[in-house]
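Q: First, the structure itself, so that you have it in front of you.
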Amino acid sequence: MGKVIEVNGPLVTIQLPNIRNGEQVRIGKLGLMGEVINLREANALVQVYESTDSLQPGEHVEGLGKPLSVELGPGLLGQIFDGIQRPLKKIMELSGEQVIRGLSVAALDREQLWHFVPSANIVSGENLHGGDILGTVQETETIQHRILVPPGSQGEIIKHAPEGDYAVEEVLAHLKDAQGRVHELKMYHEWPVRTPRPYHSRTQSEQPLITGQRILDTFFPLLKGGKAAIPGPFGAGKTMVQQQIARWANADIVLYVGCGERGNELVDILETFPQLTDPHSGHPLMERTFLVANTSNMPVVAREASIYVGVTMAEYFRDQGYDVVMVADSTSRWAEALREVAGRLGQMPVEEGYPAYLASRLAAFYERAGSINTLSGDTGSVTLIGAVSPPGGDFSEPVTSHTKEIIRTFWALSKPLADARHYPAISWIESFSGYESRAKQWWADHIDPSWSHRRKQALSLLTQADELERIVNLVGPEALSSTQRWVLESANLIKDGLLQQSALDEIDSYCAPEKQFAMLEIILRFHEMGQELITLGTPVEQLTQLPDNSKIRRMKSTFGNDQSEQLQEFGNNLWEKLDKIRAEYASTSEIAR
């Protein structure tokens, strides 16, 4: 036992013999949770995850003998946790409307029984190692929870439980290690959040994360196990993009971490997610989802912890052989927590007051993404998508600029596009993907070999149109040639007919990769045939006024994902009409000669 020496906001100086750096402590009469972050001679500095109001010097402190850890076992899915993995539902049941500080609530339900089925190799005398699968539990209708031997444990099975119903605290097996010590294996284990979970080896994934959003999948792909960022100012649509990814991504598990976001935004997410249906299985989306909610009015150090709590739980499901997507909203609020703590510690600030270690902390977080071979011989992945909220949309500020150097896919949100009601408001000029060279193999094998070429062609058209629009704004459309005006029209077809996508449209909310490429192919072929007609003398006005232009813009919501034949027929009818126009102007050209 020790005592409080000084209170400085979320930082508390304590005196506690034999305390270790990183150890968890319980402080004061309220039992506030904290973590030692610095040792100063006989004293230790603690960051407290709850408000320190009314805490006084002299109050007692108890060391818990372990670092900040999370409980990993069945019962995580469908839950909503706070920044240190306390279930919000239990907290509200105990607290009522006003959350009581210092509540100690276990993440996993100790009373619920789970039907445990041992693995085939769980027999007496068998040797087990960390990461091996002890057995399985059907956690939800869609997810089978694999009970893992904790990493670092190994030994000979001397006793094990048969198939049956067990609580998470019951012992499922006894292992005897090389020193003769016996270890009890339960249905869950704890893991320190700041220590990445071990794996056998990394793999080079070529499987794209399919989100059903055309501008993400077709133009700026992200691979499973990759790392991406969604920077954008307030009101640009970050939350909607994240919800679409969480709902439609072809991942097994989705984890949303609300790190210091505004309370009303998190409330909207907490109310919306439980009502969503998983389109892949037809079951509630929460059966493969869990949330970590930490609003901006909560203590800043709880924001810092929530990121690590989330990624540790994501790694746990990765180790079971699942593909996990973790969305962190937002890393800017997390960085602000680092800045406040660094300021209270008196550390030298650098850019905009952030600590000098900001870039290394960001890199260490994103490094926990990846596609891996698990210790049990399976494969799994953690895909990290961090939202960034640069003040005023300034992408040159430190958090955005450092993040841009670390990640491989950059989905930049544009306020002008959002103001123009173009959603998702992702800028095709500022965004990029470093995974295109690896993703093109999947697209070539499963969709079409010309995907990479068509993608580059479309991006080139959009870039040309952006330059031409600046000319039009300066001197008017009369300064453009017919070919240039056709480039503008084709680029507008790409923007309106392909890049715009309604999350509220039953047909357009999700677009399968086959339909994405078919739509892109129709627009680009229409552009190429139009160019040919203009060289034959067809007035560009005749092409821009074709009724089919509006049909191309509407094909995204006209044809469903299972109507590829109808979409192909629509394209064939369009080519027949253009062939008639070509024949007409070709014959006129012959007569003129």
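Ordering of the structure tokens sets the chain letters (A, B, ...); residue numbers start at 1 within each chain; ligands are numbered from 1 in the order shown.
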DSSP on the backbone, strand (DSSP E) only: what residues of segment 90-330 of chain A does that give? Format it as an MDAnalysis selection string.

A: chainID A and resid 114:118 127:129 133:138 144:148 154:160 164:166 171:176 182:186 189:192 201:202 227:231 253:261 289:295 323:329

Q: What's the separation between atom CA of Pro67 of chain A and atom CA of Pro192 of chain A, in Å to one decimal place?

A: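 Atom-to-atom, atom CA of Pro67 of chain A to atom CA of Pro192 of chain A, that is 5.9 Å.
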
Q: Find, counting only C-alpha atoms, the residue in A:Thr277, A:His160, A:Phe219, A:Thr52 that gets nearest to Ser460 of chain A.

A: A:Phe219

Q: Identify, on the basis of only C-alpha atoms, every residue whose closest approach to segment 437-450 of chain A does not exceed 9 Å; exclude the query and any residue fewer than 2 positions from it along the same chain; express the result as an mmCIF file with N, CA and C atoms, in the first residue's frame.

A:
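That gives us out_38.cif:
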```cif
data_model
loop_
_atom_site.group_PDB
_atom_site.id
_atom_site.type_symbol
_atom_site.label_atom_id
_atom_site.label_comp_id
_atom_site.auth_asym_id
_atom_site.auth_seq_id
_atom_site.Cartn_x
_atom_site.Cartn_y
_atom_site.Cartn_z
ATOM 1 N N SER A 205 -0.389 -10.469 -48.172
ATOM 2 C CA SER A 205 -1.771 -10.663 -48.616
ATOM 3 C C SER A 205 -2.002 -9.985 -49.967
ATOM 4 N N GLU A 206 -2.752 -10.660 -50.839
ATOM 5 C CA GLU A 206 -3.187 -10.060 -52.102
ATOM 6 C C GLU A 206 -4.701 -9.999 -52.175
ATOM 7 N N GLN A 207 -5.353 -10.279 -51.048
ATOM 8 C CA GLN A 207 -6.814 -10.271 -50.983
ATOM 9 C C GLN A 207 -7.295 -8.877 -50.614
ATOM 10 N N PRO A 208 -7.992 -8.184 -51.514
ATOM 11 C CA PRO A 208 -8.461 -6.830 -51.166
ATOM 12 C C PRO A 208 -9.605 -6.864 -50.166
ATOM 13 N N PRO A 221 -7.698 0.821 -53.655
ATOM 14 C CA PRO A 221 -7.945 -0.423 -52.913
ATOM 15 C C PRO A 221 -7.099 -0.531 -51.644
ATOM 16 N N LEU A 222 -7.654 -1.265 -50.699
ATOM 17 C CA LEU A 222 -6.976 -1.593 -49.440
ATOM 18 C C LEU A 222 -6.975 -3.108 -49.307
ATOM 19 N N LEU A 223 -5.821 -3.682 -48.966
ATOM 20 C CA LEU A 223 -5.725 -5.124 -48.804
ATOM 21 C C LEU A 223 -6.063 -5.522 -47.377
ATOM 22 N N GLY A 434 -1.146 2.493 -52.119
ATOM 23 C CA GLY A 434 0.118 1.822 -52.404
ATOM 24 C C GLY A 434 -0.051 0.331 -52.616
ATOM 25 N N TYR A 435 -1.310 -0.148 -52.598
ATOM 26 C CA TYR A 435 -1.571 -1.580 -52.757
ATOM 27 C C TYR A 435 -2.026 -1.951 -54.166
ATOM 28 N N SER A 452 -6.507 -2.864 -64.037
ATOM 29 C CA SER A 452 -5.458 -1.880 -63.713
ATOM 30 C C SER A 452 -5.376 -0.803 -64.793
ATOM 31 N N HIS A 453 -5.451 -1.230 -66.068
ATOM 32 C CA HIS A 453 -5.375 -0.261 -67.170
ATOM 33 C C HIS A 453 -6.589 0.671 -67.150
ATOM 34 N N ARG A 454 -7.781 0.105 -66.955
ATOM 35 C CA ARG A 454 -8.994 0.920 -66.954
ATOM 36 C C ARG A 454 -8.997 1.893 -65.774
ATOM 37 N N ARG A 455 -8.507 1.447 -64.633
ATOM 38 C CA ARG A 455 -8.434 2.315 -63.457
ATOM 39 C C ARG A 455 -7.550 3.524 -63.746
ATOM 40 N N PRO A 513 -17.851 -6.154 -56.828
ATOM 41 C CA PRO A 513 -16.723 -5.857 -57.724
ATOM 42 C C PRO A 513 -17.045 -6.079 -59.201
ATOM 43 N N GLU A 514 -17.840 -7.115 -59.518
ATOM 44 C CA GLU A 514 -18.201 -7.380 -60.916
ATOM 45 C C GLU A 514 -18.990 -6.206 -61.503
ATOM 46 N N PHE A 517 -16.711 -3.005 -62.036
ATOM 47 C CA PHE A 517 -15.905 -2.986 -63.254
ATOM 48 C C PHE A 517 -16.779 -2.845 -64.493
#
```

Q: Using only C-alpha atoms, can you tell me which of A:Leu574, A:Ala293, A:Ala503, A:Cys259 comes closest to Leu543 of chain A?

A: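 Smallest separation from Leu543 of chain A among the options: A:Leu574.
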
Q: Could you pull the residues within 12 Å of Glu565 of chain A, counting only C-alpha atoms, minus those fewer than 5 positions along the same chain, as a list in words?

A: Glu514, Lys515, Ala518, Phe559, Gly560, Phe570, Gly571 and Asn572 of chain A

Q: Find the residues around Leu216 of chain A up to 12 Å (only C-alpha atoms counted), leave out those fewer than 3 positions away in its own chain, and share them as an MDAnalysis selection string.

A: chainID A and resid 208:213 219:223 228:230 241:242 244:245 249 409:413 424:428 431:433 435:436 455 498:501 510:511 513 516

Q: Which polymer residues have any atom within 12 Å of an atom of Arg421 of chain A, counting only C-alpha atoms, with same-chain residues fewer than 5 positions away left out, as a ChimeraX atom specification?

A: /A:235-237,414-416,426,495-496,500-502

Q: Taking 3 positions as the minimum chain separation for residues in the same chain, which residues sit within 6 Å of segment 322-329 of chain A when counting only C-alpha atoms? Answer as a PyMOL selection string.

A: chain A and resi 251-259+317-318+380-387

Q: Can those selected residues be exported to a file as a PDB file, in the first residue's frame so that it contains C-alpha atoms?

A:
```
ATOM      1  CA  ALA A 251     -14.161  -9.217 -42.974  1.00  0.00           C
ATOM      2  CA  ASP A 252     -15.136 -11.755 -40.340  1.00  0.00           C
ATOM      3  CA  ILE A 253     -14.996  -9.365 -37.358  1.00  0.00           C
ATOM      4  CA  VAL A 254     -15.452  -5.585 -37.225  1.00  0.00           C
ATOM      5  CA  LEU A 255     -14.248  -3.450 -34.295  1.00  0.00           C
ATOM      6  CA  TYR A 256     -15.131   0.244 -34.001  1.00  0.00           C
ATOM      7  CA  VAL A 257     -13.130   2.351 -31.532  1.00  0.00           C
ATOM      8  CA  GLY A 258     -14.593   5.774 -30.843  1.00  0.00           C
ATOM      9  CA  CYS A 259     -11.554   7.546 -29.455  1.00  0.00           C
ATOM     10  CA  PHE A 317      -9.514 -12.652 -33.091  1.00  0.00           C
ATOM     11  CA  ARG A 318      -6.748 -12.515 -35.723  1.00  0.00           C
ATOM     12  CA  GLY A 380      -5.515 -14.206 -40.005  1.00  0.00           C
ATOM     13  CA  SER A 381      -5.299 -10.460 -40.459  1.00  0.00           C
ATOM     14  CA  VAL A 382      -5.891  -7.124 -38.758  1.00  0.00           C
ATOM     15  CA  THR A 383      -6.740  -4.222 -41.068  1.00  0.00           C
ATOM     16  CA  LEU A 384      -6.363  -0.820 -39.385  1.00  0.00           C
ATOM     17  CA  ILE A 385      -8.325   2.185 -40.654  1.00  0.00           C
ATOM     18  CA  GLY A 386      -7.651   5.370 -38.731  1.00  0.00           C
ATOM     19  CA  ALA A 387      -9.839   8.424 -39.128  1.00  0.00           C
TER      20      ALA A 387
END
```

Q: From the list A:Ser153, A:Thr538, A:Leu493, A:Gly9, which residue is nearest Lys551 of chain A when using only C-alpha atoms?

A: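 Result for the nearest residue to Lys551 of chain A: A:Leu493.
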
Q: Quick one: pull the distance between atom CA of Gln275 of chain A and atom CA of Gln112 of chain A, Å, one decimal.

A: 23.9 Å
